[in-house]
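**Q** Okay, handing you the structure first.
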Amino acid sequence: MDTIASLFSFITWPVSWVIVQFHKVYGAIFGPDTGWAWGLSIVSLVILIRICLIPLFVKQIKATRAMQTLQPEMKKIQERYKNDRQRQSEEMMKLYKESGTNPLSSCLPILAQSPFFFALYHVLAAIASGKKIGVIDAGLLESARNAHIFGAPLAAKFFSSDSQVSALHASLTDVRVVTAIMIVLMSASQFYTQRQLMTKNVDTTVKTPFMQQQKMLMYVFPIMFAVLGVNFPVGVLIYWLTTNVWTMGQQMYVIHNNPTPGSKAQAAYLERLTKHVTQHGKIRRRSEKAIVKAIVAKGRDRNEFERKFVNALNKAGLAAQADGTVTKSVAQAAAQTEDGAVAGTSTATATATAPRRQQPKRQSKSQRQSGVTKAGDSPSLEKSDAPQDAKPAAAKQPEKPGSGTRSKAQSGQRKGGPQRPKSPSKK
């Protein structure tokens with residue numbers, strides 16, 4: 001560890017300068033030789049570094065989501081060229097270039113933070129050995145050596161010898177108890193952060209080897225931190241515990257406000273957004289408009305949660321627009337459906353409201369056989385608005401002997417009066 005830290009000795013001067021500036025502020029509050037003044041200086045260093053790394057963190061999230069999207073294509077390439085490693089690598093690089101994705105982007109925050117981590121380790125190791133480093137002179141060196149966090153010196157380690165701990169005016173038991181608690185908290189925070197990412201912010205509709213790798217890292221990273229943590233000074237443990245807590249809080253914020261499409265976090269987010277939009281009838285935040293805009297642009301490619309969101313808006317008489325806004329339009333909400341079809345008045349409603357056609361009164365059997373009505377009477381109809389030109393049924397001609405069917409009514413009847421049945425024809 002000391003050899004690796006020496007490689008980043010060029011950055012020890014700015015790291016030590018930042019710590020000293022924060023120490024001046026906290027020393028005026030808690031006292032210059034207290035562990036709180038030096039410990040809070042380290043915590044403030046972490047916060048400053050992580051604020052500067054926020055743009056890289058945003059790139060990391062975008063790169064991670066892009067890699068999740070490309071996993072099905074990557075799997076196809078691996079299966080197609082499983083016997084040709086060179087061709088497989090070429091196709092992978094071509095896929096990354098076409099999609100504009102860089103696999104190393106997901107590691108940018110860790111890579112950018114590593115120099116500061118090793119520089120801080122180098123500074124604390126020099127303090128433990130009583131050597132001046134950076135802007136830390138003899139007076140500040142003595143103050144840092146006498147600073148204790150819950151009885152443990154900042155420069156002490158879990159495996160420090162009794163003589164080393166005694167030289168720092170502390171007890172070996174206190175050092176091991178404090179370092180053990182910090183190592184457990186550091187590993188637990190790392191595990192929770194990774195588990196939160198796997199259980200809430202992963203697209204459950206796509207099963208890829210990337211998910212298995214993330215699941216494996218969820219258990220590997222805490223074990224790695226626990227093994228390496230016994231070799232870290234207390235000051236470095238404070239640094240690493242603070243950065244893990246920051247990462248956990250940052251991850252929770254991203255999952256809550258900008259979840260991965262298709263994940264459980266997106267389902268919860270769209271449910272909250274639906275309640276907010278239906279109550280207020282508009283979207284105010286820029287991030288919410290960006291998410292709604294992306295959902296509208298997907299069209300038929302929306303996932304299950306996004307379709308429910310659009311349908312819920314339509315039922316509330318709202319319609320999501322292409323620019324991410326929401327408008328109140330009952331006509332548009334009635335015409336717009338999830339698949340873009342037009343939904344007019346339902347068939348049941350149209351049937352209930354449409355007027356019924358009036359049917360003429362059905363004649364009796366004797367009237368059909370006679371085919372005439374009484375003199376002076378008009379043909380009987382049920383309603384007054386029935387057709388006026390309706391004619392009585394013609395008399396039916398008796399069947400001919402040996403015939404199995406009835407002959408049709410004869411034409412040529414007289415108009416304007418009652419009709420007489422024609423006598424049956426005689427042979």
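Ligands are numbered from 1 in the order shown, chains are lettered A, B, ... in the order of the structure tokens, and residues start at 1 in each chain.
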Run DSSP on the backbone and grab whatever in range 84-276 of chain A lands in alpha helix (DSSP H); send it over as JSON, numbers by chain.
**A** {"A": [85, 86, 87, 88, 89, 90, 91, 92, 93, 94, 95, 96, 97, 98, 99, 108, 109, 110, 111, 112, 113, 114, 115, 116, 117, 118, 119, 120, 121, 122, 123, 124, 125, 126, 127, 128, 138, 139, 140, 141, 142, 143, 144, 145, 162, 163, 164, 165, 166, 167, 172, 173, 174, 175, 176, 177, 178, 179, 180, 181, 182, 183, 184, 185, 186, 187, 188, 189, 190, 191, 192, 193, 194, 195, 196, 197, 198, 199, 200, 209, 210, 211, 212, 213, 214, 215, 216, 217, 218, 219, 220, 221, 222, 223, 224, 225, 226, 227, 228, 229, 234, 235, 236, 237, 238, 239, 240, 241, 242, 243, 244, 245, 246, 247, 248, 249, 250, 251, 252, 253, 254, 255, 256, 257, 264, 265, 266, 267, 268, 269, 270, 271, 272, 273, 274, 275, 276]}
**Q** Distance table requested - range 208-292 of chain A against range 135-159 of chain A, cut-off 12 Å, only C-alpha atoms: one row per qualifying residue with the closest atom pair and its distance in Å to one decimal, ordered by chain and rising residue number, as JSON lines.
**A**
{"residue": "A:Ala226", "atom": "CA", "partner": "A:Phe158", "partner_atom": "CA", "distance": 11.5}
{"residue": "A:Val227", "atom": "CA", "partner": "A:Phe158", "partner_atom": "CA", "distance": 11.2}
{"residue": "A:Leu228", "atom": "CA", "partner": "A:Phe158", "partner_atom": "CA", "distance": 10.6}
{"residue": "A:Gly229", "atom": "CA", "partner": "A:Phe158", "partner_atom": "CA", "distance": 8.3}
{"residue": "A:Val230", "atom": "CA", "partner": "A:Phe158", "partner_atom": "CA", "distance": 5.2}
{"residue": "A:Asn231", "atom": "CA", "partner": "A:Lys157", "partner_atom": "CA", "distance": 6.1}
{"residue": "A:Phe232", "atom": "CA", "partner": "A:Lys157", "partner_atom": "CA", "distance": 5.9}
{"residue": "A:Pro233", "atom": "CA", "partner": "A:Lys157", "partner_atom": "CA", "distance": 4.5}
{"residue": "A:Val234", "atom": "CA", "partner": "A:Leu154", "partner_atom": "CA", "distance": 4.8}
{"residue": "A:Gly235", "atom": "CA", "partner": "A:Leu154", "partner_atom": "CA", "distance": 4.7}
{"residue": "A:Val236", "atom": "CA", "partner": "A:Leu154", "partner_atom": "CA", "distance": 8.1}
{"residue": "A:Leu237", "atom": "CA", "partner": "A:Leu154", "partner_atom": "CA", "distance": 9.1}
{"residue": "A:Ile238", "atom": "CA", "partner": "A:Leu154", "partner_atom": "CA", "distance": 8.9}
{"residue": "A:Tyr239", "atom": "CA", "partner": "A:Leu154", "partner_atom": "CA", "distance": 10.9}
**Q** Find the distance between CA of Leu56 in chain A and CA of Pro109 in chain A and write it in Å to one decimal.
**A**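 Result for CA of Leu56 in chain A versus CA of Pro109 in chain A: 5.8 Å, one decimal.
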**Q** Need to verify the contact set: Ile295 in chain A, 10 Å, only C-alpha atoms, exclusion of same-chain residues closer than 3 positions in sequence. Can you return it as a compact mmCIF listing (two decimals) with N, CA and C atoms, in the first residue's frame?
**A**
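So result.txt came out as:
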# COMPACT_ATOMS: atom_id res chain seq x y z
N PRO A 261 -35.38 2.79 -16.65
CA PRO A 261 -36.64 2.33 -17.26
C PRO A 261 -36.82 0.82 -17.10
N LYS A 289 -40.24 16.69 -16.69
CA LYS A 289 -40.57 16.93 -18.10
C LYS A 289 -39.69 16.09 -19.01
N ALA A 290 -38.42 15.93 -18.65
CA ALA A 290 -37.52 15.12 -19.47
C ALA A 290 -37.97 13.66 -19.49
N ILE A 291 -38.44 13.15 -18.35
CA ILE A 291 -38.88 11.76 -18.29
C ILE A 291 -40.17 11.57 -19.09
N VAL A 292 -41.12 12.51 -18.95
CA VAL A 292 -42.37 12.41 -19.71
C VAL A 292 -42.10 12.54 -21.21
N LYS A 298 -41.23 7.29 -27.02
CA LYS A 298 -41.11 5.85 -27.22
C LYS A 298 -42.26 5.28 -28.03
N GLY A 299 -43.45 5.87 -27.91
CA GLY A 299 -44.60 5.37 -28.66
C GLY A 299 -44.99 3.97 -28.22
N ARG A 300 -45.04 3.05 -29.18
CA ARG A 300 -45.44 1.68 -28.90
C ARG A 300 -44.37 0.89 -28.17
N ASP A 301 -43.16 1.41 -28.06
CA ASP A 301 -42.06 0.72 -27.39
C ASP A 301 -42.06 0.94 -25.88
N ARG A 302 -43.10 1.56 -25.32
CA ARG A 302 -43.15 1.80 -23.89
C ARG A 302 -43.27 0.49 -23.13
N ASN A 303 -42.69 0.47 -21.95
CA ASN A 303 -42.82 -0.72 -21.11
C ASN A 303 -44.15 -0.68 -20.36
N GLU A 306 -44.79 2.45 -18.11
CA GLU A 306 -45.02 3.67 -18.88
C GLU A 306 -46.39 3.67 -19.53
N ARG A 307 -46.86 2.50 -19.97
CA ARG A 307 -48.22 2.43 -20.53
C ARG A 307 -49.28 2.72 -19.48
N PHE A 309 -48.88 4.64 -16.94
CA PHE A 309 -48.81 6.07 -16.68
C PHE A 309 -49.60 6.86 -17.73
N VAL A 310 -49.41 6.54 -19.00
CA VAL A 310 -50.12 7.25 -20.07
C VAL A 310 -51.62 7.00 -19.98
N ALA A 320 -50.27 13.73 -22.32
CA ALA A 320 -48.85 14.06 -22.31
C ALA A 320 -48.42 14.54 -23.69
N GLN A 321 -47.67 15.63 -23.73
CA GLN A 321 -47.24 16.23 -24.98
C GLN A 321 -45.79 15.83 -25.30
N ALA A 322 -45.38 16.09 -26.54
CA ALA A 322 -44.04 15.71 -26.99
C ALA A 322 -42.94 16.51 -26.31
N GLY A 324 -42.90 17.19 -23.15
CA GLY A 324 -42.84 16.80 -21.75
C GLY A 324 -43.87 17.45 -20.86
**Q** Pick out the closest residue to Phe22 in chain A from this set: A:Val43, A:Ala180, A:Met74, A:Phe10. Count only C-alpha atoms.
**A** A:Val43
**Q** Please identify which residues in range 97-312 of chain A DSSP calls strand (DSSP E) from the backbone, and express them as a ChimeraX atom specification.
**A** /A:148-149,152-153
**Q** Produce a file of the selected residues containing N, CA and C atoms, as a PDB file, in the first residue's frame.
**A**
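Result file is result_14.pdb:
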ATOM      1  N   HIS A 148      -7.342  12.373  18.438  1.00  0.00           N
ATOM      2  CA  HIS A 148      -7.951  11.059  18.630  1.00  0.00           C
ATOM      3  C   HIS A 148      -9.436  11.114  18.271  1.00  0.00           C
ATOM      4  N   ILE A 149      -9.919  10.040  17.650  1.00  0.00           N
ATOM      5  CA  ILE A 149     -11.343   9.854  17.359  1.00  0.00           C
ATOM      6  C   ILE A 149     -11.847   8.702  18.226  1.00  0.00           C
ATOM      7  N   ALA A 152      -8.983   6.679  19.460  1.00  0.00           N
ATOM      8  CA  ALA A 152      -8.064   6.087  18.472  1.00  0.00           C
ATOM      9  C   ALA A 152      -7.381   7.186  17.690  1.00  0.00           C
ATOM     10  N   PRO A 153      -6.040   7.209  17.625  1.00  0.00           N
ATOM     11  CA  PRO A 153      -5.324   8.217  16.842  1.00  0.00           C
ATOM     12  C   PRO A 153      -5.633   8.089  15.350  1.00  0.00           C
TER      13      PRO A 153
END
**Q** Give the answer as one residue: which of A:Gln21, A:Thr274, A:Ser161, A:Thr243 has the shortest atom-to-atom distance to Ile110 in chain A, using only C-alpha atoms?
**A** A:Thr243
**Q** Counting only C-alpha atoms, what is within 12 Å of Ser99 in chain A, bar same-chain residues fewer than 6 positions away, as a short mmCIF file (atom, residue, chain, number, x, y, z; two decimals) with C-alpha atoms, in the first residue's frame?
**A**
data_model
loop_
_atom_site.label_atom_id
_atom_site.label_comp_id
_atom_site.auth_asym_id
_atom_site.auth_seq_id
_atom_site.Cartn_x
_atom_site.Cartn_y
_atom_site.Cartn_z
CA ALA A 63 -22.85 4.72 -19.33
CA ARG A 65 -27.73 2.37 -18.52
CA ALA A 66 -26.32 2.30 -22.03
CA MET A 67 -24.42 -0.88 -21.18
CA THR A 69 -29.38 -1.58 -23.08
CA LEU A 70 -26.61 -3.15 -25.16
CA GLU A 73 -26.75 -7.29 -28.59
CA MET A 74 -23.51 -8.11 -26.83
CA MET A 92 -17.89 -5.29 -29.68
CA MET A 93 -15.86 -2.18 -30.44
#
**Q** One decimal, Å: what's the distance from CA of Val46 in chain A over to CA of Thr247 in chain A, could you say?
**A**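 CA of Val46 in chain A sits 11.0 Å away from CA of Thr247 in chain A.
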**Q** As an exercise, work out the distance from CA of Phe191 in chain A to CA of Phe118 in chain A in Å and give it to one decimal place.
**A**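 Here the two named atoms are 22.5 Å from each other.
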**Q** Counting only C-alpha atoms, which residue out of A:Cys52, A:Val165, A:Ala316, A:Ala128 sits closest to Ala112 in chain A?
**A**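 Using only C-alpha atoms, Ala112 in chain A sits closest to A:Cys52.
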**Q** Check the smallest atom-to-atom distance from each of A:Leu40, A:Ser16, A:Pro222, A:Ala167 to Ala126 in chain A using only C-alpha atoms, then report the winner.
**A**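 Smallest separation from Ala126 in chain A among the options: A:Ser16.
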